[in-house]
Structures are given as structure tokens and as C-alpha cells.
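Colleague: Pasting in a structure now, in C-alpha cells, and then I'll have a few things to ask.
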Amino acid sequence: MVLALSCLLAGQVGTAMAQTVSDQAVKAGFVFNFFKFTQWPGLRPDDGRPLRLCTLSEQPIDEELALLQGRKVDGHTVEVRTQVPVNEWHGCHMLFIGAGDRTEATLRTLGTLPVLTVGDQSGFVQAGGMIALRVEDSRVRFDVNLGAAQRAGLTLNSQMLKLARQVLR
């Protein structure tokens, strides 16, 4: 856990990482770490179920997110699915909502399903998304809408919340 938190922190404050690795790759690293610092209702460590990362439409980050396929988190294997239709969102643990996606309509449709919503567009957490990634001063940073996560029954690790640039309650 300390190593994972260090990696998350390195992406948050390290400029060298952002300069040598694309912003999309750094964002994908954050996404992977969000799996480590989120608890879903009914999901137990080592119960063998996959952690599903879904995207709605083709996004520039998709190539980097695809590299997370097969990685392990607490005994769960990450499964990446792109361009997932609305009738399959209930099977996702995390849904990446890109700039071209209809954010507010998507969030309304999800309602209180226990799906961690992550996006990289301006105003994402204010619109009800749970975690917004953004580049500021050549660094990838993130904001959290804790209230939205709690309404969906998700628990976000307090250490992750301390690293967030802004936490809406």
C-alpha cells in the first residue's frame, strides 16, 4: 500500500514523470491506483472476480488504459472493456467518461450504481462525476466528489483523499 500511495503521489507532484511520460500514460497510472484505493460493496479481496474498467467511446487514453488489462489488484484481475453500451454499465466497477461523452446524461443514467466514474474534462466533479483528472502546470492532478462516491456505496481511501487537489463533499 505504501508503494502504491508513493506512486500516486509521484504522479501528483513529480514533474519529471510528466515530462518523460505522456499525460495519457500518467492518467492511466492514476486510474490503476484508483482501483487500489476504492472499495466496492460486496467485493472481497481474493474472491476471484475481475475488476472491470469500462470506457464509453473511443478516447485518446484508451490505448494507455488497455495496458492495464490483466494487472492485479488485491487478487482481482483488471479487465478493460472499451465502448461499453449503456445496458452493460452495471457490470463495470469503473467507468471512464471522456471529453466527447455526454457527461451529465451518463451520470444521470448511472444513478447510484456502485460504479466509480472517472473523467478528464473540466467541471466533471461539479457535474456529479466522482474523480476528475486534469493537467495543471505540467502535472496530472485529480479532484474528488466524495458525496457522489458515497451515494453510490463506494468507499474511497482517506490517504487518496488527502492527495486530491479538491474534495467536494
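We name chains A, B, ... following the order of the C-alpha cells; residues begin at 1 in each chain, and ligands are numbered from 1 as shown.
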Just the helix (DSSP H, G or I) stuff from stretch 69-127 of chain A, please, per backbone DSSP, written as a list in words.
Modeller: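 Selecting the helix (DSSP H, G or I) positions of stretch 69-127 of chain A gives Val86, Asn87, Glu88, Trp89, His90, Gly91, Thr103, Glu104, Ala105, Thr106, Leu107, Arg108, Thr109 and Leu110 of chain A.
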Colleague: Among the residues of stretch 2-157 of chain A, find those DSSP assigns to strand (DSSP E or B) from the backbone and print them as an MDAnalysis selection string.
Modeller: chainID A and resid 38:39 51:55 72:73 76:81 94:97 116:119 131:136 139:145 155:156
Colleague: Could you list, as a list in words, every residue within 9 Å of stretch 165-169 of chain A, counting only C-alpha atoms and ignoring same-chain residues fewer than 4 positions away?
Modeller: Val125, Gln126, Arg141, Phe142, Asp143, Val144, Asn145, Leu146, Gly147, Ala148 and Leu161 of chain A
Colleague: Dump all heavy atoms for the selected residues as a tab-separated table (two decimals), in the first residue's frame?
Modeller:
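Saved to out29.tsv:
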chain	number	residue	atom	x	y	z
A	125	VAL	N	-16.35	16.83	-11.71
A	125	VAL	CA	-16.84	16.56	-10.35
A	125	VAL	C	-18.00	17.48	-9.99
A	125	VAL	O	-18.91	17.07	-9.27
A	125	VAL	CB	-15.72	16.61	-9.28
A	125	VAL	CG1	-14.72	15.49	-9.47
A	125	VAL	CG2	-15.04	17.94	-9.21
A	126	GLN	N	-18.01	18.68	-10.51
A	126	GLN	CA	-19.12	19.59	-10.24
A	126	GLN	C	-20.42	19.07	-10.88
A	126	GLN	O	-21.50	19.31	-10.38
A	126	GLN	CB	-18.81	21.00	-10.76
A	126	GLN	CG	-17.73	21.72	-9.99
A	126	GLN	CD	-16.31	21.28	-10.33
A	126	GLN	OE1	-16.08	20.51	-11.26
A	126	GLN	NE2	-15.35	21.77	-9.55
A	141	ARG	N	-3.20	16.06	-11.97
A	141	ARG	CA	-3.79	16.20	-10.64
A	141	ARG	C	-5.21	15.64	-10.70
A	141	ARG	O	-5.74	15.41	-11.77
A	141	ARG	CB	-3.82	17.66	-10.22
A	141	ARG	CG	-2.43	18.29	-10.17
A	141	ARG	CD	-2.52	19.73	-9.67
A	141	ARG	NE	-1.25	20.39	-9.74
A	141	ARG	CZ	-0.33	20.37	-8.78
A	141	ARG	NH1	-0.54	19.70	-7.69
A	141	ARG	NH2	0.80	21.03	-8.92
A	142	PHE	N	-5.80	15.48	-9.53
A	142	PHE	CA	-7.18	14.98	-9.53
A	142	PHE	C	-8.00	15.65	-8.45
A	142	PHE	O	-7.49	16.10	-7.43
A	142	PHE	CB	-7.22	13.46	-9.39
A	142	PHE	CG	-6.75	12.92	-8.07
A	142	PHE	CD1	-7.66	12.56	-7.09
A	142	PHE	CD2	-5.39	12.74	-7.81
A	142	PHE	CE1	-7.23	12.05	-5.87
A	142	PHE	CE2	-4.95	12.22	-6.60
A	142	PHE	CZ	-5.87	11.87	-5.62
A	143	ASP	N	-9.31	15.73	-8.74
A	143	ASP	CA	-10.30	16.25	-7.81
A	143	ASP	C	-11.28	15.11	-7.52
A	143	ASP	O	-11.46	14.22	-8.36
A	143	ASP	CB	-11.07	17.43	-8.41
A	143	ASP	CG	-10.16	18.60	-8.75
A	143	ASP	OD1	-9.22	18.87	-7.98
A	143	ASP	OD2	-10.40	19.24	-9.79
A	144	VAL	N	-11.93	15.15	-6.36
A	144	VAL	CA	-12.84	14.09	-5.96
A	144	VAL	C	-14.18	14.68	-5.52
A	144	VAL	O	-14.21	15.68	-4.80
A	144	VAL	CB	-12.23	13.27	-4.78
A	144	VAL	CG1	-13.23	12.26	-4.24
A	144	VAL	CG2	-10.94	12.59	-5.21
A	145	ASN	N	-15.26	14.03	-5.94
A	145	ASN	CA	-16.59	14.33	-5.44
A	145	ASN	C	-16.95	13.18	-4.49
A	145	ASN	O	-17.47	12.15	-4.91
A	145	ASN	CB	-17.59	14.44	-6.59
A	145	ASN	CG	-18.97	14.84	-6.13
A	145	ASN	OD1	-19.37	14.53	-5.02
A	145	ASN	ND2	-19.70	15.52	-7.00
A	146	LEU	N	-16.60	13.35	-3.23
A	146	LEU	CA	-16.79	12.31	-2.23
A	146	LEU	C	-18.27	11.99	-2.03
A	146	LEU	O	-18.65	10.83	-1.86
A	146	LEU	CB	-16.14	12.72	-0.91
A	146	LEU	CG	-16.17	11.70	0.21
A	146	LEU	CD1	-15.48	10.40	-0.20
A	146	LEU	CD2	-15.52	12.27	1.47
A	147	GLY	N	-19.11	13.00	-2.07
A	147	GLY	CA	-20.55	12.79	-1.90
A	147	GLY	C	-21.11	11.86	-2.97
A	147	GLY	O	-21.90	10.96	-2.67
A	148	ALA	N	-20.70	12.06	-4.21
A	148	ALA	CA	-21.17	11.20	-5.31
A	148	ALA	C	-20.71	9.76	-5.10
A	148	ALA	O	-21.48	8.81	-5.31
A	148	ALA	CB	-20.66	11.73	-6.65
A	161	LEU	N	-7.75	10.68	-0.60
A	161	LEU	CA	-8.46	11.96	-0.47
A	161	LEU	C	-7.50	13.08	-0.06
A	161	LEU	O	-7.66	14.22	-0.50
A	161	LEU	CB	-9.61	11.84	0.53
A	161	LEU	CG	-10.73	10.88	0.12
A	161	LEU	CD1	-11.75	10.76	1.25
A	161	LEU	CD2	-11.37	11.32	-1.17
Colleague: Which residues come within 8 Å of A:Gln83, counting only C-alpha atoms, excluding same-chain residues fewer than 3 positions away, as a list of chain:residue names?
Modeller: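 Result of the neighbour search: A:Cys54, A:Thr55, A:Leu56, A:Ser57, A:Glu58.
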Colleague: Using only C-alpha atoms, can you tell me which of A:Leu156, A:Leu116, A:Ile97, A:Ala149 comes closest to A:Gln59?
Modeller: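 Among the listed residues, A:Ile97 lies closest to A:Gln59.
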Colleague: Pick out the residues sitting within 8 Å of A:Leu51, and hand them over as a list in words; count only C-alpha atoms, and ignore anything fewer than 3 positions along from it in its own chain.
Modeller: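 Contacts, in chain order: His76, Thr77, Val78, Glu79, Cys92 and His93 of chain A.
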Colleague: Just give me the gap between atom CA of A:Gly70 and atom CA of A:Val31 in Å, one decimal is fine.
Modeller: 14.2 Å
